[in-house]
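Colleague: Just start_11.pdb, nothing more (PDB, C-alpha atoms):
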```
ATOM      1  CA  MET S1350      64.591 151.352 284.226
ATOM      2  CA  LEU S1351      67.964 153.041 284.713
ATOM      3  CA  ILE S1352      68.361 156.302 286.638
ATOM      4  CA  VAL S1353      71.826 157.900 286.450
ATOM      5  CA  GLY S1354      73.016 160.283 289.133
ATOM      6  CA  ILE S1355      75.556 162.957 288.263
ATOM      7  CA  GLY S1356      76.987 165.319 290.840
ATOM      8  CA  GLY S1357      78.927 166.009 293.939
ATOM      9  CA  THR S1358      82.054 167.947 294.705
ATOM     10  CA  THR S1359      85.759 167.272 294.975
ATOM     11  CA  ARG S1360      85.266 166.725 298.729
ATOM     12  CA  ALA S1361      84.468 163.113 299.656
ATOM     13  CA  GLY S1362      81.232 162.913 301.638
ATOM     14  CA  SER S1363      80.005 166.324 300.484
ATOM     15  CA  GLN S1364      76.439 167.374 301.274
ATOM     16  CA  THR S1365      75.746 167.449 297.545
ATOM     17  CA  GLU S1366      76.836 163.868 296.988
ATOM     18  CA  LEU S1367      75.015 162.694 300.128
ATOM     19  CA  ALA S1368      71.791 164.246 298.812
ATOM     20  CA  LEU S1369      72.335 162.624 295.411
ATOM     21  CA  ARG S1370      72.982 159.232 297.020
ATOM     22  CA  ALA S1371      69.777 159.613 299.061
ATOM     23  CA  ALA S1372      67.784 160.376 295.909
ATOM     24  CA  LEU S1373      69.268 157.384 294.068
ATOM     25  CA  SER S1374      68.512 155.161 297.075
ATOM     26  CA  GLN S1375      64.902 156.291 296.906
ATOM     27  CA  ALA S1376      64.805 155.589 293.155
ATOM     28  CA  ALA S1377      66.148 152.090 293.845
ATOM     29  CA  LEU S1378      63.411 151.532 296.450
ATOM     30  CA  LEU S1379      60.926 152.421 293.713
ATOM     31  CA  GLY S1380      62.341 149.685 291.490
ATOM     32  CA  ALA S1381      64.889 151.563 289.386
ATOM     33  CA  GLU S1382      68.424 150.430 288.685
ATOM     34  CA  THR S1383      70.789 153.293 289.547
ATOM     35  CA  ARG S1384      74.292 154.366 288.649
ATOM     36  CA  LEU S1385      76.229 157.143 290.399
ATOM     37  CA  PHE S1386      78.860 159.415 288.898
ATOM     38  CA  GLY S1387      79.948 161.306 291.993
ATOM     39  CA  GLY S1388      82.720 163.752 292.654
ATOM     40  CA  ALA S1389      85.508 161.170 292.416
ATOM     41  CA  GLU S1390      84.367 160.071 288.943
ATOM     42  CA  LEU S1391      83.739 163.609 287.736
ATOM     43  CA  VAL S1392      87.205 164.805 288.781
ATOM     44  CA  GLY S1393      88.647 162.217 286.385
ATOM     45  CA  GLN S1394      86.713 163.602 283.396
ATOM     46  CA  PRO S1395      88.804 165.616 280.941
ATOM     47  CA  ILE S1396      87.934 169.273 280.506
ATOM     48  CA  TYR S1397      85.435 169.389 277.667
ATOM     49  CA  ASP S1398      86.993 170.495 274.394
ATOM     50  CA  PRO S1399      84.769 170.141 271.317
ATOM     51  CA  GLN S1400      87.828 169.611 269.111
ATOM     52  CA  ASP S1401      89.370 166.889 271.276
ATOM     53  CA  GLU S1402      88.166 163.553 269.917
ATOM     54  CA  GLY S1403      90.539 161.756 272.291
ATOM     55  CA  GLY S1404      88.690 162.976 275.386
ATOM     56  CA  ARG S1405      85.649 160.961 274.392
ATOM     57  CA  SER S1406      87.138 157.691 275.573
ATOM     58  CA  SER S1407      87.743 159.205 279.018
ATOM     59  CA  ARG S1408      84.082 160.251 279.226
ATOM     60  CA  GLY S1409      82.922 156.894 277.879
ATOM     61  CA  ASP S1410      81.372 155.392 281.017
ATOM     62  CA  LEU S1411      79.406 158.530 281.831
ATOM     63  CA  VAL S1412      78.224 159.060 278.256
ATOM     64  CA  GLU S1413      77.268 155.386 277.836
ATOM     65  CA  ALA S1414      75.349 155.386 281.116
ATOM     66  CA  VAL S1415      73.414 158.527 280.136
ATOM     67  CA  ARG S1416      72.806 157.068 276.672
ATOM     68  CA  ALA S1417      71.139 154.040 278.327
ATOM     69  CA  ALA S1418      69.340 156.040 281.023
ATOM     70  CA  ASP S1419      65.609 156.514 281.297
ATOM     71  CA  GLY S1420      66.116 159.379 283.737
ATOM     72  CA  LEU S1421      68.769 161.333 285.582
ATOM     73  CA  ILE S1422      69.208 163.083 288.880
ATOM     74  CA  ILE S1423      71.756 165.883 288.785
ATOM     75  CA  ALA S1424      73.098 167.430 291.982
ATOM     76  CA  SER S1425      75.375 170.441 292.163
ATOM     77  CA  PRO S1426      76.628 172.750 294.832
ATOM     78  CA  GLY S1427      75.637 176.349 294.283
ATOM     79  CA  TYR S1428      78.768 178.396 293.704
ATOM     80  CA  HIS S1429      78.342 182.147 293.299
ATOM     81  CA  GLY S1430      74.776 181.800 292.036
ATOM     82  CA  SER S1431      75.442 179.015 289.544
ATOM     83  CA  ILE S1432      76.538 175.384 289.345
ATOM     84  CA  SER S1433      80.020 174.038 289.916
ATOM     85  CA  GLY S1434      82.519 173.739 287.094
ATOM     86  CA  LEU S1435      82.836 170.034 287.909
ATOM     87  CA  VAL S1436      79.148 169.374 287.180
ATOM     88  CA  LYS S1437      79.086 171.749 284.201
ATOM     89  CA  ASN S1438      82.044 169.951 282.639
ATOM     90  CA  ALA S1439      80.252 166.592 283.001
ATOM     91  CA  LEU S1440      77.143 168.025 281.356
ATOM     92  CA  ASP S1441      79.209 169.616 278.572
ATOM     93  CA  GLY S1442      80.640 166.167 277.853
ATOM     94  CA  LEU S1443      77.126 164.984 276.954
ATOM     95  CA  GLU S1444      77.708 166.766 273.652
ATOM     96  CA  ASP S1445      78.974 163.330 272.604
ATOM     97  CA  LEU S1446      75.274 162.314 272.436
ATOM     98  CA  ARG S1447      74.347 164.961 269.853
ATOM     99  CA  ALA S1448      74.174 162.582 266.869
ATOM    100  CA  ASP S1449      72.278 159.822 268.702
ATOM    101  CA  GLU S1450      68.798 158.740 267.667
ATOM    102  CA  ARG S1451      67.746 160.142 271.058
ATOM    103  CA  PRO S1452      70.130 163.143 271.237
ATOM    104  CA  TYR S1453      71.403 164.637 274.469
ATOM    105  CA  LEU S1454      68.780 164.108 277.211
ATOM    106  CA  ASP S1455      65.854 163.851 274.809
ATOM    107  CA  GLY S1456      62.851 162.176 276.412
ATOM    108  CA  ARG S1457      64.526 161.685 279.772
ATOM    109  CA  ALA S1458      63.136 162.875 283.088
ATOM    110  CA  VAL S1459      65.713 164.871 285.046
ATOM    111  CA  GLY S1460      65.515 165.631 288.754
ATOM    112  CA  LEU S1461      67.609 168.484 290.112
ATOM    113  CA  ILE S1462      69.165 169.044 293.543
ATOM    114  CA  VAL S1463      71.263 172.015 294.607
ATOM    115  CA  THR S1464      73.063 172.507 297.907
ATOM    116  CA  ALA S1465      74.313 175.902 299.002
ATOM    117  CA  GLU S1466      75.013 178.097 301.984
ATOM    118  CA  GLY S1467      71.926 180.227 301.575
ATOM    119  CA  SER S1468      68.755 180.294 299.545
ATOM    120  CA  GLN S1469      69.777 182.940 297.004
ATOM    121  CA  GLY S1470      72.779 181.001 295.692
ATOM    122  CA  ALA S1471      70.794 177.767 295.606
ATOM    123  CA  ALA S1472      67.958 179.337 293.623
ATOM    124  CA  GLY S1473      70.377 180.783 291.051
ATOM    125  CA  ALA S1474      72.103 177.420 290.631
ATOM    126  CA  LEU S1475      68.753 175.635 290.274
ATOM    127  CA  ALA S1476      67.700 178.077 287.549
ATOM    128  CA  ALA S1477      71.017 177.476 285.751
ATOM    129  CA  LEU S1478      70.571 173.689 285.946
ATOM    130  CA  ARG S1479      67.006 173.934 284.608
ATOM    131  CA  ALA S1480      68.230 176.034 281.665
ATOM    132  CA  ILE S1481      71.009 173.539 280.898
ATOM    133  CA  VAL S1482      68.628 170.561 281.045
ATOM    134  CA  HIS S1483      66.176 172.343 278.727
ATOM    135  CA  SER S1484      69.047 173.121 276.324
ATOM    136  CA  LEU S1485      69.957 169.425 276.365
ATOM    137  CA  ARG S1486      66.306 168.546 275.547
ATOM    138  CA  GLY S1487      65.642 166.973 278.949
ATOM    139  CA  TRP S1488      62.483 167.237 281.027
ATOM    140  CA  PRO S1489      63.185 168.754 284.452
ATOM    141  CA  THR S1490      60.776 167.430 287.050
ATOM    142  CA  PRO S1491      58.363 169.971 288.523
ATOM    143  CA  LEU S1492      60.167 169.836 291.853
ATOM    144  CA  GLY S1493      63.761 171.009 291.991
ATOM    145  CA  VAL S1494      65.260 170.726 295.463
ATOM    146  CA  CYS S1495      67.327 173.517 297.029
ATOM    147  CA  LEU S1496      69.040 172.508 300.249
ATOM    148  CA  ASN S1497      70.400 175.241 302.471
ATOM    149  CA  VAL S1498      73.294 173.359 304.068
ATOM    150  CA  GLY S1499      73.737 176.169 306.569
ATOM    151  CA  ALA S1500      70.285 175.501 308.060
ATOM    152  CA  PRO S1501      69.311 171.813 307.974
ATOM    153  CA  HIS S1502      65.598 171.107 307.737
ATOM    154  CA  GLU S1503      63.664 167.970 308.605
ATOM    155  CA  GLN S1504      61.809 168.300 305.297
ATOM    156  CA  ASP S1505      64.952 167.812 303.209
ATOM    157  CA  GLN S1506      64.698 164.000 303.092
ATOM    158  CA  ALA S1507      61.045 164.188 302.040
ATOM    159  CA  ARG S1508      61.871 166.628 299.222
ATOM    160  CA  ILE S1509      64.791 164.473 298.068
ATOM    161  CA  ALA S1510      62.495 161.430 298.028
ATOM    162  CA  LEU S1511      59.856 163.345 296.068
ATOM    163  CA  VAL S1512      62.266 164.440 293.324
ATOM    164  CA  ALA S1513      63.429 160.814 292.974
ATOM    165  CA  ARG S1514      59.811 159.634 292.797
ATOM    166  CA  GLN S1515      59.036 162.165 290.079
ATOM    167  CA  VAL S1516      62.015 161.022 287.977
ATOM    168  CA  VAL S1517      61.044 157.354 288.300
ATOM    169  CA  GLU S1518      57.365 158.026 287.566
ATOM    170  CA  PHE S1519      58.033 160.313 284.592
ATOM    171  CA  ALA S1520      60.721 157.995 283.173
ATOM    172  CA  GLY S1521      58.339 155.056 283.405
ATOM    173  CA  LYS S1522      55.654 156.685 281.258
TER     174      LYS S1522
END
```
Show this structure as structure tokens.
Modeller:
Amino acid sequence: MLIVGIGGTTRAGSQTELALRAALSQAALLGAETRLFGGAELVGQPIYDPQDEGGRSSRGDLVEAVRAADGLIIASPGYHGSISGLVKNALDGLEDLRADERPYLDGRAVGLIVTAEGSQGAAGALAALRAIVHSLRGWPTPLGVCLNVGAPHEQDQARIALVARQVVEFAGK
């Protein structure tokens, strides 16, 4: 079973990428193989242009990993009530999967994590991610995790572990 993580920010060691790494570590403990596309890899992705066939080769590793994935965990910072452009661009690039036998995220469990300075921005970004995953035919797990980075909570690690568990369990069915 392969679980692909997509997310992070342009800042190395961001709270978003740390949360994503924690979720992937939990998925690995549950027996899944994992692959991370963090901020450094996402920065190298070309801006999605539906008419640019040449950009596909630059997105190749990400698209091929998602194509092979049984599940995904997507983590984004909440910026102004929505997700970051970096994460949105990566998800837009999954348009390359449209003609596959299993198009887009069809049949894949998708766990969602959002980090933000405040609950309102995190909730808006989580709603945006859920809508995007539904549009890409994915199955968002029941639990989506919002982490208020301005007020750390002891429960954060347990919620991150639970979203990873849900992805692994749903992907294994």
Colleague: So, with all atoms listed in the file as the atoms that count, which of S:Ala1389, S:Ala1465, S:Ala1376, S:Met1350 lies closest to Ser1425 of chain S?
Modeller: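 Of all the options, S:Ala1465 lies closest to Ser1425 of chain S.
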Colleague: When you draw a straight line from atom CA of Ser1468 of chain S to atom CA of Asn1497 of chain S, how long is it in Å?
Modeller: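 For atom CA of Ser1468 of chain S relative to atom CA of Asn1497 of chain S, the distance reads 6.1 Å.
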Colleague: Go through S:Gly1499, S:Arg1447, S:Leu1435, S:His1429 and flag the residue nearest Gly1473 of chain S, using only C-alpha atoms for the distances.
Modeller: S:His1429
Colleague: Quick one: which residues end up in the PyMOL selection byres ((chain S and resi 1388) around 12) for this structure, as a VMD selection string?
Modeller: chain S and resid 1354 to 1367 1369 to 1370 1385 to 1387 1389 to 1394 1423 to 1426 1433 to 1436 1438 to 1439
Colleague: Just the number, please: distance in Å from atom CA of Val1415 of chain S to atom CA of Leu1492 of chain S, one decimal.
Modeller: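 Interatomic distance, atom CA of Val1415 of chain S to atom CA of Leu1492 of chain S: 21.0 Å.
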Colleague: Any idea what's packed within 12 Å of Glu1382 of chain S, counting all atoms listed in the file, ignoring anything in its chain fewer than 6 positions away? Could you give it as number ranges by chain?
Modeller: S: 1350-1354, 1373-1376, 1414, 1417-1421, 1517
Colleague: Report as a list in words the full result of the PyMOL selection byres ((chain S and resi 1456) around 10) when it is applied to this structure.
Modeller: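 Checking the PyMOL selection byres ((chain S and resi 1456) around 10) against this file, the residues are Asp1419, Gly1420, Arg1451, Pro1452, Tyr1453, Leu1454, Asp1455, Arg1457, Ala1458, Val1459, Arg1486, Gly1487, Trp1488, Phe1519 and Ala1520 of chain S.
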Colleague: From the set S:Gly1521, S:Pro1491, S:Gly1409, S:Gly1460, which residue has the shortest atom-to-atom contact distance to Gly1442 of chain S, counting only C-alpha atoms?
Modeller: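 Ranked by minimum distance to Gly1442 of chain S, first place goes to S:Gly1409.
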Colleague: My list of candidates is S:Val1412, S:Ile1432, S:Ala1507, S:Ala1371. Which is closest to Ile1481 of chain S when distances are computed with all atoms listed in the file?
Modeller: S:Ile1432
Colleague: What does the structure give for the distance between atom CA of Ala1480 of chain S and atom CA of Asp1505 of chain S, in Å to one decimal?
Modeller: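 Between atom CA of Ala1480 of chain S and atom CA of Asp1505 of chain S the gap is 23.3 Å.
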Colleague: Report as a PDB file with C-alpha atoms, in the coordinates of the input all protein, DNA and RNA residues lying within 9 Å of Gly1470 of chain S, evaluated on all atoms listed in the file, omitting residues in the same chain fewer than 5 positions from it.
Modeller:
```
ATOM      1  CA  GLY S1427      75.637 176.349 294.283  1.00  0.00           C
ATOM      2  CA  TYR S1428      78.768 178.396 293.704  1.00  0.00           C
ATOM      3  CA  HIS S1429      78.342 182.147 293.299  1.00  0.00           C
ATOM      4  CA  GLY S1430      74.776 181.800 292.036  1.00  0.00           C
ATOM      5  CA  SER S1431      75.442 179.015 289.544  1.00  0.00           C
ATOM      6  CA  THR S1464      73.063 172.507 297.907  1.00  0.00           C
ATOM      7  CA  ALA S1465      74.313 175.902 299.002  1.00  0.00           C
ATOM      8  CA  LEU S1475      68.753 175.635 290.274  1.00  0.00           C
TER       9      LEU S1475
END
```
Colleague: Give the answer as one residue: which of S:Ala1472, S:Leu1379, S:Leu1496, S:Val1482 has the shortest atom-to-atom distance to Gln1515 of chain S, using all atoms listed in the file?
Modeller: S:Leu1379
Colleague: Using only the atoms of segment 1379-1384 of chain S listed in the file, plus 4 Å on each side, state the axis-aligned box centre and edge lengths in Å rounded to one decimal, as lines of an AutoDock Vina configuration file.
Modeller:
```
center_x = 67.6
center_y = 152.0
center_z = 291.2
size_x = 21.4
size_y = 12.7
size_z = 13.1
```
Colleague: Of the candidates S:Ala1381, S:Ile1422, S:Ala1372, S:Leu1446, which shows the shortest atom-to-atom distance to Arg1408 of chain S, using all atoms listed in the file?
Modeller: S:Leu1446
